[in-house]
Each structure stands twice: as C-alpha cells, then as structure tokens.
Amino acid sequence: EVQLVESGGGLVKPGGSLKLSCTASGLSLSHAWMSWVRQAPGKGLEWIGRIKRAADGGTTEYSAPLKDRFFISRDDSKNTLSLEMISLKTDDTALYYCTTEGFGYGFHAVDIWGQGTMVTVSS
Amino acid sequence: QSAVTQPASVSGSLGQSVTISCLGTSSDVGHYNYVSWYQQHPGKAPKLIIYGVTNRPSGVSNRFSASKSGNRASLTISGLQAEDEAHYYCSSYRTNYLLFGGGTRVTVL
C-alpha cells in the first residue's frame, strides 16, 4: 500500500521555527514531484510549494506569500521529504499535508495525500 | 497569485445532480488543461476525483464528471448519494504555482 506519513508537527511560539518530515512507503519518492499543502482549521486547502524529482532538476517552487519563510527539501536516499518553516506566525496554524503531484494521474494533480501533521503557532 | 473561485455551498436532493463551478483566469484555468477536483470528508485527507479537466482516477465513481469552458471549470455529481456530502475543491496549475479554489460544501437534502 502506498502511504505518506508526516511527522514533526506541534506547538511553536510566534517567530519560532519547525521542520516537518514526510516518509513514504510503497513508493520511491525519487520518482515523484512532491508538494506540501496546508489547511487551517475550518478553512480550505492552500498549496505551499513543490520540489521536482532529480531527473527534472530537483528545483523548488513556492507560493509567493510563503517563499521567504518555507523551504522544501528531499533526501531520496532516505525516501523522505522535509518542510522547514521559519519566522512562524499564528496564521501558519494548520494541518500540513505531504503529497505527490502528478505521480500517477497527470501533471499537477495532487494524487497521493498523507494524513497530515498539525502545527499550532501560539504564545 | 490570483484566487480560483468556487461557490461556498450547493445542495441537492438524493438522486438529483449538482454542478460546482471553478472560476479562474486566462492564466490558469483558461490556459492549462491541468484542472483537478478533490473530495474531502470531515476529518479526512482530500481525495483526487478528477484530473486533467475531465479524467477520473481508477475507482472513482462515474457519477462524477467534469468539464471546462474558457476560464470556468465545472464538476457535476449525478445521482446524488448520501456519501457525496463533503467539501469539494478544484485546483489549477498556473506557471510555477498550483492554485486551489476556496472549496464548496455539498449538502445532500
């Protein structure tokens, strides 16, 4: 069974930093474009950014409002994806999903989702 | 980046059809055939139900269909069933970005 499992969420103070991880089972992340998507409590989905597979350059692209504070990286040897977040704000409180993008169902379709890890930014 | 707009809610009776719109711009929905739709039940992760404007992943009911005209994409749910009550989100590619719509709550009466 293909599965993405996020970890690293928790409570952090405004201005703090946090690094989320995502581990895959049943698929090799090296073959996939990976994205992070978040969902604030009671709100809609927000795309954070993506990292392409190494074969496509391994480059990153981010949502404009987040690009200076959120950073995506991958370690294909460990089959893991990371999201580093700095200068966190209360508005960053959300459930953070690790996802594949266009892995099995066409470009730019978010086709595999983890269950999410909750990040709460509060003093 | 600009938003992709969906109605906040739609409703329909059991067995009827409902259509959800997803209004973008000529830089996203109108330019690329990379519109997807997702279903999200409370407390669950979203599930891809349409990709590439009109295509259903394997295992998704053929009661879900979708189309696009200009800057507007649409998702139609035919023969509404109780389990269709959920939030639905569209997404569209825009150069270097992925945009999500604000989501539509579907209520089955």
# chains A, B, ... in the order shown; residues from 1 in each chain; ligands from 1

call {"tool": "interface_residues", "arguments": {"of": "chain B", "to": "chain A", "cutoff": "7 Å", "atoms": "only C-alpha atoms", "output": "MDAnalysis selection string"}}
result
chainID B and resid 34 36 45 48 51:52 57 93 96:100 102:103

call {"tool": "residues_around", "arguments": {"residues": "segment 2-6 of chain B", "least_positions_apart": "2", "cutoff": "10 Å", "atoms": "only C-alpha atoms", "output": "count of residues only"}}
result
28

call {"tool": "residues_around", "arguments": {"residues": "Gly59 of chain B", "least_positions_apart": "6", "cutoff": "12 Å", "atoms": "only C-alpha atoms", "output": "PyMOL selection string"}}
result
chain B and resi 47-50

call {"tool": "decode", "arguments": {"residues": "segment 33-49 of chain B", "atoms": "all heavy atoms", "output": "mmCIF file, in the first residue's frame"}}
result
data_model
loop_
_atom_site.group_PDB
_atom_site.id
_atom_site.type_symbol
_atom_site.label_atom_id
_atom_site.label_comp_id
_atom_site.auth_asym_id
_atom_site.auth_seq_id
_atom_site.Cartn_x
_atom_site.Cartn_y
_atom_site.Cartn_z
ATOM 1 N N ASN B 33 -4.763 22.732 -19.253
ATOM 2 C CA ASN B 33 -5.695 21.631 -19.001
ATOM 3 C C ASN B 33 -5.243 20.828 -17.789
ATOM 4 O O ASN B 33 -5.196 19.594 -17.811
ATOM 5 C CB ASN B 33 -5.812 20.737 -20.242
ATOM 6 C CG ASN B 33 -6.615 21.404 -21.332
ATOM 7 O OD1 ASN B 33 -7.569 22.141 -21.058
ATOM 8 N ND2 ASN B 33 -6.235 21.178 -22.583
ATOM 9 N N TYR B 34 -4.893 21.542 -16.750
ATOM 10 C CA TYR B 34 -4.428 20.922 -15.509
ATOM 11 C C TYR B 34 -5.366 21.305 -14.375
ATOM 12 O O TYR B 34 -4.931 21.804 -13.327
ATOM 13 C CB TYR B 34 -3.004 21.357 -15.199
ATOM 14 C CG TYR B 34 -1.979 20.925 -16.222
ATOM 15 C CD1 TYR B 34 -0.969 21.796 -16.609
ATOM 16 C CD2 TYR B 34 -2.018 19.665 -16.806
ATOM 17 C CE1 TYR B 34 -0.016 21.415 -17.548
ATOM 18 C CE2 TYR B 34 -1.082 19.272 -17.744
ATOM 19 C CZ TYR B 34 -0.076 20.146 -18.117
ATOM 20 O OH TYR B 34 0.852 19.766 -19.040
ATOM 21 N N VAL B 35 -6.634 21.070 -14.582
ATOM 22 C CA VAL B 35 -7.619 21.302 -13.532
ATOM 23 C C VAL B 35 -7.941 19.958 -12.876
ATOM 24 O O VAL B 35 -8.175 18.954 -13.563
ATOM 25 C CB VAL B 35 -8.912 21.920 -14.094
ATOM 26 C CG1 VAL B 35 -9.955 22.075 -12.985
ATOM 27 C CG2 VAL B 35 -8.617 23.274 -14.736
ATOM 28 N N SER B 36 -7.917 19.954 -11.572
ATOM 29 C CA SER B 36 -8.237 18.749 -10.798
ATOM 30 C C SER B 36 -9.333 19.077 -9.795
ATOM 31 O O SER B 36 -9.556 20.241 -9.453
ATOM 32 C CB SER B 36 -6.999 18.243 -10.046
ATOM 33 O OG SER B 36 -5.942 17.935 -10.920
ATOM 34 N N TRP B 37 -9.984 18.019 -9.334
ATOM 35 C CA TRP B 37 -11.031 18.151 -8.315
ATOM 36 C C TRP B 37 -10.760 17.146 -7.206
ATOM 37 O O TRP B 37 -10.301 16.021 -7.449
ATOM 38 C CB TRP B 37 -12.409 17.904 -8.914
ATOM 39 C CG TRP B 37 -12.869 18.964 -9.861
ATOM 40 C CD1 TRP B 37 -12.658 19.019 -11.208
ATOM 41 C CD2 TRP B 37 -13.633 20.130 -9.523
ATOM 42 N NE1 TRP B 37 -13.241 20.148 -11.734
ATOM 43 C CE2 TRP B 37 -13.842 20.843 -10.723
ATOM 44 C CE3 TRP B 37 -14.170 20.639 -8.337
ATOM 45 C CZ2 TRP B 37 -14.573 22.039 -10.758
ATOM 46 C CZ3 TRP B 37 -14.886 21.820 -8.373
ATOM 47 C CH2 TRP B 37 -15.077 22.510 -9.571
ATOM 48 N N TYR B 38 -11.081 17.571 -5.981
ATOM 49 C CA TYR B 38 -10.834 16.765 -4.808
ATOM 50 C C TYR B 38 -12.092 16.728 -3.945
ATOM 51 O O TYR B 38 -12.821 17.728 -3.844
ATOM 52 C CB TYR B 38 -9.676 17.346 -3.984
ATOM 53 C CG TYR B 38 -8.451 17.607 -4.813
ATOM 54 C CD1 TYR B 38 -8.301 18.798 -5.498
ATOM 55 C CD2 TYR B 38 -7.456 16.647 -4.939
ATOM 56 C CE1 TYR B 38 -7.193 19.040 -6.297
ATOM 57 C CE2 TYR B 38 -6.335 16.877 -5.731
ATOM 58 C CZ TYR B 38 -6.219 18.075 -6.414
ATOM 59 O OH TYR B 38 -5.129 18.304 -7.200
ATOM 60 N N GLN B 39 -12.282 15.594 -3.308
ATOM 61 C CA GLN B 39 -13.379 15.414 -2.355
ATOM 62 C C GLN B 39 -12.772 15.267 -0.972
ATOM 63 O O GLN B 39 -11.805 14.524 -0.795
ATOM 64 C CB GLN B 39 -14.173 14.149 -2.717
ATOM 65 C CG GLN B 39 -15.306 13.812 -1.766
ATOM 66 C CD GLN B 39 -15.848 12.413 -2.034
ATOM 67 O OE1 GLN B 39 -15.122 11.419 -1.953
ATOM 68 N NE2 GLN B 39 -17.134 12.318 -2.364
ATOM 69 N N GLN B 40 -13.330 15.964 0.000
ATOM 70 C CA GLN B 40 -12.830 15.849 1.367
ATOM 71 C C GLN B 40 -13.983 15.670 2.336
ATOM 72 O O GLN B 40 -14.827 16.564 2.476
ATOM 73 C CB GLN B 40 -11.991 17.067 1.764
ATOM 74 C CG GLN B 40 -11.344 16.897 3.134
ATOM 75 C CD GLN B 40 -10.498 18.081 3.540
ATOM 76 O OE1 GLN B 40 -10.799 19.232 3.216
ATOM 77 N NE2 GLN B 40 -9.402 17.812 4.256
ATOM 78 N N HIS B 41 -13.999 14.545 3.010
ATOM 79 C CA HIS B 41 -14.950 14.312 4.083
ATOM 80 C C HIS B 41 -14.358 14.833 5.392
ATOM 81 O O HIS B 41 -13.126 14.906 5.542
ATOM 82 C CB HIS B 41 -15.290 12.825 4.195
ATOM 83 C CG HIS B 41 -16.159 12.326 3.085
ATOM 84 N ND1 HIS B 41 -15.690 11.492 2.090
ATOM 85 C CD2 HIS B 41 -17.468 12.564 2.801
ATOM 86 C CE1 HIS B 41 -16.681 11.212 1.248
ATOM 87 N NE2 HIS B 41 -17.763 11.859 1.657
ATOM 88 N N PRO B 42 -15.211 15.162 6.350
ATOM 89 C CA PRO B 42 -14.713 15.731 7.616
ATOM 90 C C PRO B 42 -13.694 14.823 8.288
ATOM 91 O O PRO B 42 -13.895 13.614 8.392
ATOM 92 C CB PRO B 42 -15.990 15.839 8.461
ATOM 93 C CG PRO B 42 -17.084 15.980 7.469
ATOM 94 C CD PRO B 42 -16.675 15.132 6.297
ATOM 95 N N GLY B 43 -12.595 15.425 8.684
ATOM 96 C CA GLY B 43 -11.552 14.700 9.387
ATOM 97 C C GLY B 43 -10.693 13.810 8.519
ATOM 98 O O GLY B 43 -9.842 13.080 9.043
ATOM 99 N N LYS B 44 -10.900 13.871 7.222
ATOM 100 C CA LYS B 44 -10.139 13.027 6.303
ATOM 101 C C LYS B 44 -9.279 13.873 5.379
ATOM 102 O O LYS B 44 -9.544 15.057 5.165
ATOM 103 C CB LYS B 44 -11.087 12.177 5.452
ATOM 104 C CG LYS B 44 -11.979 11.254 6.243
ATOM 105 C CD LYS B 44 -11.195 10.167 6.929
ATOM 106 C CE LYS B 44 -12.111 9.153 7.591
ATOM 107 N NZ LYS B 44 -11.339 8.105 8.313
ATOM 108 N N ALA B 45 -8.253 13.242 4.814
ATOM 109 C CA ALA B 45 -7.454 13.911 3.802
ATOM 110 C C ALA B 45 -8.250 14.012 2.503
ATOM 111 O O ALA B 45 -9.116 13.172 2.235
ATOM 112 C CB ALA B 45 -6.157 13.137 3.560
ATOM 113 N N PRO B 46 -7.981 15.021 1.706
ATOM 114 C CA PRO B 46 -8.654 15.118 0.402
ATOM 115 C C PRO B 46 -8.331 13.917 -0.466
ATOM 116 O O PRO B 46 -7.298 13.259 -0.300
ATOM 117 C CB PRO B 46 -8.060 16.399 -0.197
ATOM 118 C CG PRO B 46 -7.595 17.189 0.980
ATOM 119 C CD PRO B 46 -7.101 16.171 1.960
ATOM 120 N N LYS B 47 -9.222 13.656 -1.409
ATOM 121 C CA LYS B 47 -9.065 12.549 -2.347
ATOM 122 C C LYS B 47 -9.238 13.093 -3.758
ATOM 123 O O LYS B 47 -10.207 13.805 -4.043
ATOM 124 C CB LYS B 47 -10.126 11.480 -2.070
ATOM 125 C CG LYS B 47 -10.190 10.359 -3.090
ATOM 126 C CD LYS B 47 -11.409 9.477 -2.844
ATOM 127 C CE LYS B 47 -11.606 8.438 -3.927
ATOM 128 N NZ LYS B 47 -12.840 7.646 -3.731
ATOM 129 N N LEU B 48 -8.317 12.742 -4.622
ATOM 130 C CA LEU B 48 -8.397 13.175 -6.023
ATOM 131 C C LEU B 48 -9.540 12.442 -6.712
ATOM 132 O O LEU B 48 -9.589 11.211 -6.700
ATOM 133 C CB LEU B 48 -7.076 12.874 -6.725
ATOM 134 C CG LEU B 48 -6.985 13.198 -8.215
ATOM 135 C CD1 LEU B 48 -6.981 14.716 -8.438
ATOM 136 C CD2 LEU B 48 -5.732 12.564 -8.824
ATOM 137 N N ILE B 49 -10.463 13.184 -7.347
ATOM 138 C CA ILE B 49 -11.557 12.544 -8.065
ATOM 139 C C ILE B 49 -11.593 12.901 -9.557
ATOM 140 O O ILE B 49 -12.235 12.191 -10.337
ATOM 141 C CB ILE B 49 -12.927 12.873 -7.420
ATOM 142 C CG1 ILE B 49 -13.181 14.387 -7.363
ATOM 143 C CG2 ILE B 49 -13.038 12.240 -6.037
ATOM 144 C CD1 ILE B 49 -14.597 14.739 -6.901
#
